[in-house]
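Asker: Just dropping this structure here.
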2 protein chains.
Amino acid sequence: MRGKADSDLVRRQNRRVVLETLRFHGPSPRVELGRFTGLSPATITSITMQLIQDGAVIELDDVAGTVDSAKRGRPTVLLGLKPDAAFMIAVKISIGMIEFALADFTGEIRERAQLSIATFDMQPEIFARRLIAETKHFITSTNIEPALIAQINVAVQGVADNRLGKIAWSPAFKARGISIVSPLEEAFNIPCTLANDANMIAEGLIAQKMVKLSGTTAAVFMGYGIGMGLVIDGAVYQGSTGAAAEFGHMNYVPGGALCRCGRAGCLEAYASDYGILRSAEKLPDDTSPPSHPVNAQVMFALEAAARAGDKDAIAAFQKAGRAIGFGLARMIALLNPDRIVLAGAGTRALDLIEPSLRAAIEEGVVAELRANLKIETLPVGKDMIIGGTIDAGMRRLDSEVYAIGPALQTEVKKELLV
Amino acid sequence: MRGKADSDLVRRQNRRVVLETLRFHGPSPRVELGRFTGLSPATITSITMQLIQDGAVIELDDVAGTVDSAKRGRPTVLLGLKPDAAFMIAVKISIGMIEFALADFTGEIRERAQLSIATFDMQPEIFARRLIAETKHFITSTNIEPALIAQINVAVQGVADNRLGKIAWSPAFKARGISIVSPLEEAFNIPCTLANDANMIAEGLIAQKMVKLSGTTAAVFMGYGIGMGLVIDGAVYQGSTGAAAEFGHMNYVPGGALCRCGRAGCLEAYASDYGILRSAEKLPDDTSPPSHPVNAQVMFALEAAARAGDKDAIAAFQKAGRAIGFGLARMIALLNPDRIVLAGAGTRALDLIEPSLRAAIEEGVVAELRANLKIETLPVGKDMIIGGTIDAGMRRLDSEVYAIGPALQTEVKKELLV
DNA sequence: GATTTTGTTGTGCAATGCAAAATAATATAT
DNA sequence: ATATATTATTTTGCATTGCACAACAAAATC
């Protein structure tokens with residue numbers, strides 16, 4: 001139903017549209033903002049004036065002004081997001097490692113740090129304390145005024161419950177139910193979030209317009225694990241607890257191969273690096289998965305062997321393709337997506353995987369449902385997790401700047417009247 | 001991004017909120033509308049005045065005024081949707097049968113009709129022509145001025161492509177790709193839609209507030225076929241072509257039992273009436289499914305046999321439960337829903353199905369993902385398909401009345417100026 | 001008939017966005 | 001060097017919206 005509307009809402013919405021345009025297009029003159037948003041020049045002037053006053057936007061000195069110096073007429077004034085309007089910290093937790101990044105309001109990374117840490121056997125409280133200490137240390141090391149940091153956003157492999165702010169299960173930890181958000185918010189007194197890493201990659205794809213803003217796109221990340229980001233109508237679908245799109249742990253065969261998560265028959269147990277390796281080596285299906293990522297060299301060698309004709313290796317990749325294909329077929333029957341994007345290190349072996357993957361989709365789902373479906377491959381850099389976390393955080397900040405801006409003004413007025 | 005906003009949008013939104021409140025609450029006085037929508041009395045007066053003028057709303061004579069006659073003060077004036085503001089026709093196409101209903105703007109059904117017709121072997125064009133002829137005949141029989149009919153909405157079992165307006169595949173037809181919307185729109189020159197029957201039931205659940213308006217709810221309909229309606233944030237999720245939530249034809253076992261759709265291993269081939277019957281009778285998995293619904297008496301008998309201890313019958317229901325359970329487990333891994341609702345005639349045998357269904361969910365999905373999940377059973381009447389089609393149609397009309405109302409006014413003004 | 005209660009309408013204000021006019025700043029023509 | 005053309009931004013004036021508050025209306029009760 002989306003409730004009633006008033007003129008405040010209109011301003012808020014239009015402020016946000018302007019901010020988003022600026023974030024996506026980069027520094028732009030006012031005319032450009034008007035063209036892109038459809039707002040009149042008068043309105044753009046009014047809104048940008050407010051945003052400048054609120055400290056979210058600045059007029060940029062015409063550094064690159066030489067570019068359009070050939071044109072006649074009054075020169076444009078570039079407007080841009082004010083880099084030091086706010087800062088945020090993105091944290092990536094993976095097996096044996098924590099990474100930090102400090103980003104300014106434009107999304108630019110100002111500082112990074114990473115440290116090795118034996119996460120696997122850590123007790124929840126100990127890890128939380130350690131995380132807080134390391135975050136404090138990172139903040140100190142950046143020389144940024146701590147009060148300017150607006151939020152801390154954490155991404156983690158595995159099942160992240162964003163409602164409770166807990167890591168429900170992760171390959172990085174033996175323990176379950178590790179509380180992250182509450183300890184951080186108590187320690188730093190700013191909004192903090194926890195999210196699944198694949199969903200953060202998907203946020204990055206949206207920010208970079210690599211994912212259509214309408215319809216449904218499923219992005220599959222293949223590698224040490226199998227992840228998915230589901231983008232519905234331009235937003236990452238989170239599910240009830242933020243744990244949606246656990247594609248890797250979607251059951252492939254009841255009672256099948258043993259998965260890292262302790263369950264039998266997950267897709268990941270067939271299609272992730274360790275699953276492929278296990279079946280290539282003809283180890284029994286219930287062989288315990290290694291607790292650390294498969295060495296990249298080992299996978300390179302396996303791919304090479306398959307391409308050189310090694311029957312077992314070929315069969316392992318085919319088996320992986322069939323597992324992913326049936327998983328996708330089931331997803332297609334449920335969600336009828338417009339697009340599937342394959343990404344991640346695992347796509348290196350796509351030549352070995354794709355035929356059986358496509359065959360499985362054809363076998364597993366009615367032709368009518370895949371009539372308009374596009375399947376694409378996408379090069380995805382390693383840093384997409386940190387980058388996507390920052391993108392998502394910045395979008396959240398935009399919403400807060402747009403929402404708080406006018407609200408603050410009326411709040412102040414009310415206080416003056418009292 | 002949702003684009004820019006202006007004051008027109010505010011009015012449109014608030015008009016819609018008022019209409020929706022009226023539709024959901026039934027006739028209400030203005031104060032009540034104000035209380036419910038949060039709009040000020042002044043605004044309510046202004047909006048209702050417009051809506052009355054536009055012919056969407058009327059002041060009702062205080063028929064039930066005796067109810068609150070005990071109160072002091074000025075009596076309320078009930079406002080209600082104007083029944084004859086617009087009409088629509090809902091059509092339900094199933095195996096061997098077409099049903100029609102004429103509904104007024106309040107959603108009340110004014111006339112119904114149904115006819116048996118041997119759909120299965122009909123050629124697409126012949127069926128379309130017949131459908132048009134029967135619809136015309138139905139309209140004539142209602143004595144409603146044809147110009148007052150605002151739309152025709154068709155629901156069908158099977159894969160309905162709402163983008164192309166074609167029945168991609170349906171158990172009611174041997175043929176595929178039966179064009180429905182274009183022929184109807186050409187014949188009647190009003191907006192027509194085609195949708196899947198399970199999605200229409202879901203629309204009905206929303207209209208009756210049986211489904212939470214936030215979060216994700218999956219409604220499963222068990223019976224002759226297996227259907228699903230996916231409600232995400234208060235709206236039925238349609239997918240790219242309107243064919244989302246084809247749960248019945250989601251693959252259960254690669255290369256498994258033969259399904260009505262011609263494919264092997266669909267969930268429906270194990271869990272629908274005919275699937276259960278086939279396995280209870282120990283017929284081979286590739287036995288062709290019957291082209292007509294299983295007689296209800298046969299299913300009653302099978303249930304009775306199972307409850308009386310018949311091993312084969314018990315095993316068949318357990319097998320069905322396991323199939324649905326694994327299907328749901330996969331759905332849960334992908335969508336992390338808040339709620340699952342089980343409905344339809346098949347829930348009669350829930351006592352036989354549920355244990356294996358729940359066991360399969362536990363086996364098939366990580367505990368963390370089903371921590372907050374609620375599974376409920378819902379009595380769903382036969383008529384939910386027609387009812388839901390009407391509900392969905394009315395919501396569409398509301399949007400058009402709210403949207404066209406002000407637009408028309410400005411259009412008229414512009415014409416006067418020219 | 002006066003009083004009380006409650007619901008509806010009118011008035012004045014503040015905010016919004018837009019169209020059109022005014023102003024600003026530059027390139028180019030004369 | 002000056003005028004003109006061109007493009008960007010700001011200002012002005014107006015229409016729309018919603019809201020708070022006051023005025024009005026209608027019936028029940030005293």
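All residue names refer to the structure tokens as shown: chains lettered A, B, ... in order, residues numbered from 1 in each chain, ligands numbered from 1 in order.
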Using only C-alpha atoms (C1' of nucleotides), which chain D residues lie at most 10 Å away from chain A, written as a PyMOL selection string?
Answerer: chain D and resi 5-11+17-19
Asker: Grab the residues selected above and save them as an mmCIF file, in the first residue's frame with N, CA, C and O atoms (P, O5', C5', C4', C3', O3' and C1' of nucleotides).
Answerer:
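Output (again07.cif):
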data_model
loop_
_atom_site.group_PDB
_atom_site.id
_atom_site.type_symbol
_atom_site.label_atom_id
_atom_site.label_comp_id
_atom_site.auth_asym_id
_atom_site.auth_seq_id
_atom_site.Cartn_x
_atom_site.Cartn_y
_atom_site.Cartn_z
ATOM 1 P P DA D 5 22.431 37.799 -32.750
ATOM 2 O "O5'" DA D 5 23.078 36.399 -32.337
ATOM 3 C "C5'" DA D 5 24.220 35.933 -33.054
ATOM 4 C "C4'" DA D 5 24.748 34.689 -32.377
ATOM 5 C "C3'" DA D 5 23.663 33.697 -31.941
ATOM 6 O "O3'" DA D 5 24.106 32.403 -32.323
ATOM 7 C "C1'" DA D 5 25.004 34.273 -30.072
ATOM 8 P P DT D 6 23.133 31.146 -32.096
ATOM 9 O "O5'" DT D 6 23.685 30.615 -30.716
ATOM 10 C "C5'" DT D 6 25.074 30.270 -30.614
ATOM 11 C "C4'" DT D 6 25.352 29.794 -29.201
ATOM 12 C "C3'" DT D 6 24.272 28.874 -28.626
ATOM 13 O "O3'" DT D 6 24.909 27.702 -28.175
ATOM 14 C "C1'" DT D 6 24.854 30.555 -27.074
ATOM 15 P P DT D 7 24.045 26.319 -28.058
ATOM 16 O "O5'" DT D 7 24.210 25.984 -26.509
ATOM 17 C "C5'" DT D 7 25.515 25.983 -25.936
ATOM 18 C "C4'" DT D 7 25.442 26.411 -24.506
ATOM 19 C "C3'" DT D 7 24.436 25.629 -23.651
ATOM 20 O "O3'" DT D 7 25.180 24.847 -22.733
ATOM 21 C "C1'" DT D 7 24.450 27.952 -23.133
ATOM 22 P P DA D 8 24.459 23.984 -21.579
ATOM 23 O "O5'" DA D 8 24.543 25.023 -20.383
ATOM 24 C "C5'" DA D 8 25.815 25.443 -19.922
ATOM 25 C "C4'" DA D 8 25.683 26.126 -18.570
ATOM 26 C "C3'" DA D 8 24.848 25.375 -17.542
ATOM 27 O "O3'" DA D 8 25.570 25.435 -16.319
ATOM 28 C "C1'" DA D 8 23.928 27.543 -17.886
ATOM 29 P P DT D 9 25.005 24.663 -15.024
ATOM 30 O "O5'" DT D 9 24.176 25.833 -14.336
ATOM 31 C "C5'" DT D 9 24.891 26.899 -13.713
ATOM 32 C "C4'" DT D 9 23.931 27.982 -13.284
ATOM 33 C "C3'" DT D 9 22.978 27.613 -12.154
ATOM 34 O "O3'" DT D 9 23.401 28.357 -11.014
ATOM 35 C "C1'" DT D 9 21.924 28.938 -13.817
ATOM 36 P P DT D 10 22.621 28.231 -9.658
ATOM 37 O "O5'" DT D 10 21.628 29.474 -9.785
ATOM 38 C "C5'" DT D 10 22.172 30.768 -10.000
ATOM 39 C "C4'" DT D 10 21.051 31.790 -10.038
ATOM 40 C "C3'" DT D 10 20.085 31.739 -8.858
ATOM 41 O "O3'" DT D 10 19.945 33.066 -8.397
ATOM 42 C "C1'" DT D 10 18.884 31.699 -10.886
ATOM 43 P P DT D 11 19.111 33.352 -7.083
ATOM 44 O "O5'" DT D 11 17.835 34.098 -7.676
ATOM 45 C "C5'" DT D 11 18.007 34.999 -8.754
ATOM 46 C "C4'" DT D 11 16.669 35.521 -9.234
ATOM 47 C "C3'" DT D 11 15.579 35.662 -8.174
ATOM 48 O "O3'" DT D 11 15.000 36.942 -8.332
ATOM 49 C "C1'" DT D 11 14.774 34.344 -9.979
ATOM 50 P P DT D 17 -4.061 19.144 -6.649
ATOM 51 O "O5'" DT D 17 -3.181 18.849 -5.353
ATOM 52 C "C5'" DT D 17 -1.891 18.228 -5.501
ATOM 53 C "C4'" DT D 17 -1.216 18.179 -4.154
ATOM 54 C "C3'" DT D 17 -2.195 17.859 -3.042
ATOM 55 O "O3'" DT D 17 -1.945 16.588 -2.491
ATOM 56 C "C1'" DT D 17 -0.828 19.738 -2.465
ATOM 57 P P DG D 18 -3.029 16.009 -1.424
ATOM 58 O "O5'" DG D 18 -2.416 16.497 -0.035
ATOM 59 C "C5'" DG D 18 -1.090 16.110 0.328
ATOM 60 C "C4'" DG D 18 -0.754 16.761 1.646
ATOM 61 C "C3'" DG D 18 -1.802 16.483 2.729
ATOM 62 O "O3'" DG D 18 -1.153 16.107 3.934
ATOM 63 C "C1'" DG D 18 -1.511 18.819 2.448
ATOM 64 P P DC D 19 -1.970 15.734 5.224
ATOM 65 O "O5'" DC D 19 -1.779 16.991 6.170
ATOM 66 C "C5'" DC D 19 -0.475 17.537 6.375
ATOM 67 C "C4'" DC D 19 -0.607 18.783 7.209
ATOM 68 C "C3'" DC D 19 -1.573 18.620 8.390
ATOM 69 O "O3'" DC D 19 -0.973 19.091 9.573
ATOM 70 C "C1'" DC D 19 -2.177 20.491 7.074
#
Asker: Using only C-alpha atoms, pick whichever of B:Cys192, B:Val366, B:Ala187, B:Ala243 has the shortest atom-to-atom distance to Ile332 in chain A.
Answerer: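 The answer is B:Ala243, which sits nearest to Ile332 in chain A.
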Asker: Given only C-alpha atoms as the basis, pick out the residue of B:Ile89, B:Met200, B:Ala367, B:Leu342 nearest to Phe188 in chain B.
Answerer: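 So, comparing all the options, the nearest one is B:Ile89.
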Asker: Tell me the residues of chain B close to chain A, meaning within 8 Å using only C-alpha atoms, as a VMD selection string.
Answerer: chain B and resid 1 3 to 7 10 to 11 13 to 14 17 20 37 to 39 159 168 to 169 215 to 216 238 to 247 249 to 251 253 to 254 261 263 326 329 to 338 363 to 366 368 to 369
Asker: Using backbone DSSP assignments, extract all strand (DSSP E) residues from range 304-411 of chain A; output them as a VMD selection string.
Answerer: chain A and resid 339 to 343 374 to 378
Asker: Select, as number ranges by chain, those residues of chain C with any atom no more than 7 Å from chain A (distances computed using only C-alpha atoms (C1' of nucleotides)).
Answerer: C: 15-18, 25-27
Asker: Show me, as a PyMOL selection string, the residues that have an atom within 8 Å of range 102-115 of chain A when counting only C-alpha atoms (C1' of nucleotides), minus same-chain residues fewer than 6 positions from it.
Answerer: chain A and resi 23+81-90+138+142+390-391+394
Asker: Leaving out range 302-306 of chain A and any residue of its chain fewer than 5 positions from it, which residues lie within 9 Å of it when counting only C-alpha atoms (C1' of nucleotides), given as a list in words?
Answerer: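 Final neighbour list, sorted by chain and number: Leu277, Ala280, Gln297, Lys311, Asp312, Ala313, Ile314, Ala315, Ala316, Phe317, Arg348, Ala349 and Leu352 of chain A.
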Asker: Find the residues around Ile276 in chain A up to 12 Å (only C-alpha atoms (C1' of nucleotides) counted), leave out those fewer than 2 positions away in its own chain, and share them as a ChimeraX atom specification.
Answerer: /A:222-226,257,259,267-274,278-283,285,289,294,298-299,302-303,306,312-324,346,349,352-353
Asker: Check the DSSP output for the backbone and give back, as a PyMOL selection string, the residues of range 83-209 of chain B in alpha helix (DSSP H).
Answerer: chain B and resi 124-142+181-188+197-207
Asker: With only C-alpha atoms (C1' of nucleotides) as the counted atoms, please give the residues lying no more than 12 Å from DA3 in chain D, apart from itself and same-chain residues fewer than 6 positions off, as a PyMOL selection string.
Answerer: chain C and resi 28-30
Asker: Limited to all heavy atoms, could you put the picked residues into a file as a PDB file, in the first residue's frame?
Answerer:
ATOM      1  P    DT C  28      34.681  29.445 -30.277  1.00  0.00           P
ATOM      2  OP1  DT C  28      34.422  28.168 -30.957  1.00  0.00           O
ATOM      3  OP2  DT C  28      36.056  29.898 -29.985  1.00  0.00           O
ATOM      4  O5'  DT C  28      33.959  30.598 -31.100  1.00  0.00           O
ATOM      5  C5'  DT C  28      32.582  30.432 -31.462  1.00  0.00           C
ATOM      6  C4'  DT C  28      32.093  31.677 -32.145  1.00  0.00           C
ATOM      7  O4'  DT C  28      32.072  32.795 -31.231  1.00  0.00           O
ATOM      8  C3'  DT C  28      32.931  32.127 -33.343  1.00  0.00           C
ATOM      9  O3'  DT C  28      32.072  32.232 -34.458  1.00  0.00           O
ATOM     10  C2'  DT C  28      33.528  33.477 -32.918  1.00  0.00           C
ATOM     11  C1'  DT C  28      32.470  33.960 -31.919  1.00  0.00           C
ATOM     12  N1   DT C  28      32.912  34.932 -30.890  1.00  0.00           N
ATOM     13  C2   DT C  28      32.192  36.105 -30.741  1.00  0.00           C
ATOM     14  O2   DT C  28      31.230  36.394 -31.421  1.00  0.00           O
ATOM     15  N3   DT C  28      32.649  36.933 -29.749  1.00  0.00           N
ATOM     16  C4   DT C  28      33.726  36.715 -28.912  1.00  0.00           C
ATOM     17  O4   DT C  28      34.033  37.538 -28.053  1.00  0.00           O
ATOM     18  C5   DT C  28      34.430  35.482 -29.117  1.00  0.00           C
ATOM     19  C7   DT C  28      35.615  35.152 -28.260  1.00  0.00           C
ATOM     20  C6   DT C  28      33.996  34.639 -30.094  1.00  0.00           C
ATOM     21  P    DA C  29      32.616  32.501 -35.875  1.00  0.00           P
ATOM     22  OP1  DA C  29      31.984  31.513 -36.784  1.00  0.00           O
ATOM     23  OP2  DA C  29      34.077  32.635 -35.819  1.00  0.00           O
ATOM     24  O5'  DA C  29      31.953  33.918 -36.153  1.00  0.00           O
ATOM     25  C5'  DA C  29      30.557  34.087 -35.921  1.00  0.00           C
ATOM     26  C4'  DA C  29      30.198  35.555 -36.066  1.00  0.00           C
ATOM     27  O4'  DA C  29      30.723  36.287 -34.932  1.00  0.00           O
ATOM     28  C3'  DA C  29      30.760  36.232 -37.321  1.00  0.00           C
ATOM     29  O3'  DA C  29      29.741  37.073 -37.855  1.00  0.00           O
ATOM     30  C2'  DA C  29      31.964  37.018 -36.802  1.00  0.00           C
ATOM     31  C1'  DA C  29      31.510  37.379 -35.395  1.00  0.00           C
ATOM     32  N9   DA C  29      32.582  37.545 -34.407  1.00  0.00           N
ATOM     33  C8   DA C  29      33.595  36.679 -34.139  1.00  0.00           C
ATOM     34  N7   DA C  29      34.400  37.078 -33.173  1.00  0.00           N
ATOM     35  C5   DA C  29      33.863  38.295 -32.785  1.00  0.00           C
ATOM     36  C6   DA C  29      34.255  39.224 -31.800  1.00  0.00           C
ATOM     37  N6   DA C  29      35.309  39.052 -31.003  1.00  0.00           N
ATOM     38  N1   DA C  29      33.499  40.335 -31.658  1.00  0.00           N
ATOM     39  C2   DA C  29      32.428  40.490 -32.464  1.00  0.00           C
ATOM     40  N3   DA C  29      31.966  39.687 -33.418  1.00  0.00           N
ATOM     41  C4   DA C  29      32.744  38.601 -33.533  1.00  0.00           C
ATOM     42  P    DT C  30      29.935  37.720 -39.278  1.00  0.00           P
ATOM     43  OP1  DT C  30      28.597  37.717 -39.919  1.00  0.00           O
ATOM     44  OP2  DT C  30      31.090  37.106 -39.949  1.00  0.00           O
ATOM     45  O5'  DT C  30      30.298  39.219 -38.897  1.00  0.00           O
ATOM     46  C5'  DT C  30      29.400  39.961 -38.061  1.00  0.00           C
ATOM     47  C4'  DT C  30      30.046  41.288 -37.681  1.00  0.00           C
ATOM     48  O4'  DT C  30      31.064  41.058 -36.677  1.00  0.00           O
ATOM     49  C3'  DT C  30      30.725  42.013 -38.848  1.00  0.00           C
ATOM     50  O3'  DT C  30      30.160  43.290 -39.006  1.00  0.00           O
ATOM     51  C2'  DT C  30      32.190  42.086 -38.433  1.00  0.00           C
ATOM     52  C1'  DT C  30      32.121  41.963 -36.917  1.00  0.00           C
ATOM     53  N1   DT C  30      33.333  41.385 -36.257  1.00  0.00           N
ATOM     54  C2   DT C  30      33.878  42.059 -35.167  1.00  0.00           C
ATOM     55  O2   DT C  30      33.440  43.072 -34.717  1.00  0.00           O
ATOM     56  N3   DT C  30      34.982  41.438 -34.631  1.00  0.00           N
ATOM     57  C4   DT C  30      35.577  40.250 -35.059  1.00  0.00           C
ATOM     58  O4   DT C  30      36.561  39.810 -34.496  1.00  0.00           O
ATOM     59  C5   DT C  30      34.962  39.631 -36.193  1.00  0.00           C
ATOM     60  C7   DT C  30      35.535  38.362 -36.739  1.00  0.00           C
ATOM     61  C6   DT C  30      33.869  40.216 -36.752  1.00  0.00           C
TER      62       DT C  30
END
Asker: Enter the distance from CA of Ile139 in chain B to CA of Phe100 in chain B, in Å, rounded to one decimal.
Answerer: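 Computing the Euclidean distance for CA of Ile139 in chain B and CA of Phe100 in chain B yields 9.5 Å.
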Asker: What is the CA of Val57 in chain B-C1' of DA15 in chain D distance in Å, reported with one decimal?
Answerer: 26.2 Å
Asker: Find the spatial neighbours of Pro183 in chain A, counting only C-alpha atoms (C1' of nucleotides), within a cut-off of 12 Å - ignore same-chain residues fewer than 2 positions away - and output them as number ranges by chain.
Answerer: A: 124-133, 135, 152, 164-166, 178-181, 185-194
Asker: Take the residues from that selection and write them out as a PDB file, in the first residue's frame, keeping C-alpha atoms.
Answerer:
ATOM      1  CA  PRO A 124      32.089 -16.191  19.256  1.00  0.00           C
ATOM      2  CA  GLU A 125      32.720 -13.661  22.037  1.00  0.00           C
ATOM      3  CA  ILE A 126      36.459 -13.782  21.546  1.00  0.00           C
ATOM      4  CA  PHE A 127      36.086 -13.184  17.850  1.00  0.00           C
ATOM      5  CA  ALA A 128      33.709 -10.281  18.418  1.00  0.00           C
ATOM      6  CA  ARG A 129      36.130  -8.666  20.858  1.00  0.00           C
ATOM      7  CA  ARG A 130      38.997  -9.195  18.473  1.00  0.00           C
ATOM      8  CA  LEU A 131      36.994  -7.719  15.598  1.00  0.00           C
ATOM      9  CA  ILE A 132      36.226  -4.620  17.633  1.00  0.00           C
ATOM     10  CA  ALA A 133      39.843  -4.209  18.661  1.00  0.00           C
ATOM     11  CA  THR A 135      38.500  -2.213  13.783  1.00  0.00           C
ATOM     12  CA  ILE A 152      30.458  -0.176   9.582  1.00  0.00           C
ATOM     13  CA  LEU A 164      19.756 -10.633  14.196  1.00  0.00           C
ATOM     14  CA  GLY A 165      23.134  -9.417  13.000  1.00  0.00           C
ATOM     15  CA  LYS A 166      24.636 -12.841  13.523  1.00  0.00           C
ATOM     16  CA  ILE A 178      28.339 -15.497  16.058  1.00  0.00           C
ATOM     17  CA  SER A 179      26.951 -12.122  17.047  1.00  0.00           C
ATOM     18  CA  ILE A 180      28.522  -9.313  15.052  1.00  0.00           C
ATOM     19  CA  VAL A 181      26.222  -6.318  14.739  1.00  0.00           C
ATOM     20  CA  GLU A 185      27.105  -1.029  17.451  1.00  0.00           C
ATOM     21  CA  GLU A 186      27.706  -1.009  21.189  1.00  0.00           C
ATOM     22  CA  ALA A 187      31.415  -0.405  20.738  1.00  0.00           C
ATOM     23  CA  PHE A 188      31.163   2.302  18.082  1.00  0.00           C
ATOM     24  CA  ASN A 189      27.680   3.673  18.530  1.00  0.00           C
ATOM     25  CA  ILE A 190      26.998   3.946  14.805  1.00  0.00           C
ATOM     26  CA  PRO A 191      24.805   1.830  12.512  1.00  0.00           C
ATOM     27  CA  CYS A 192      26.402  -1.484  11.574  1.00  0.00           C
ATOM     28  CA  THR A 193      25.231  -4.227   9.224  1.00  0.00           C
ATOM     29  CA  LEU A 194      26.084  -7.809   8.424  1.00  0.00           C
TER      30      LEU A 194
END
Asker: Let me make sure I understand: among B:Ile386, B:Ala219, B:Val236, B:Asn295, which one has the smallest atom-to-atom distance to Ile340 in chain B if we use only C-alpha atoms?
Answerer: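 Under the stated criterion, the closest residue is B:Ala219.
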Asker: C1' of DT9 in chain C and CA of Arg35 in chain B are how many Å apart?
Answerer: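 Atom-to-atom, C1' of DT9 in chain C to CA of Arg35 in chain B, that is 17.6 Å.
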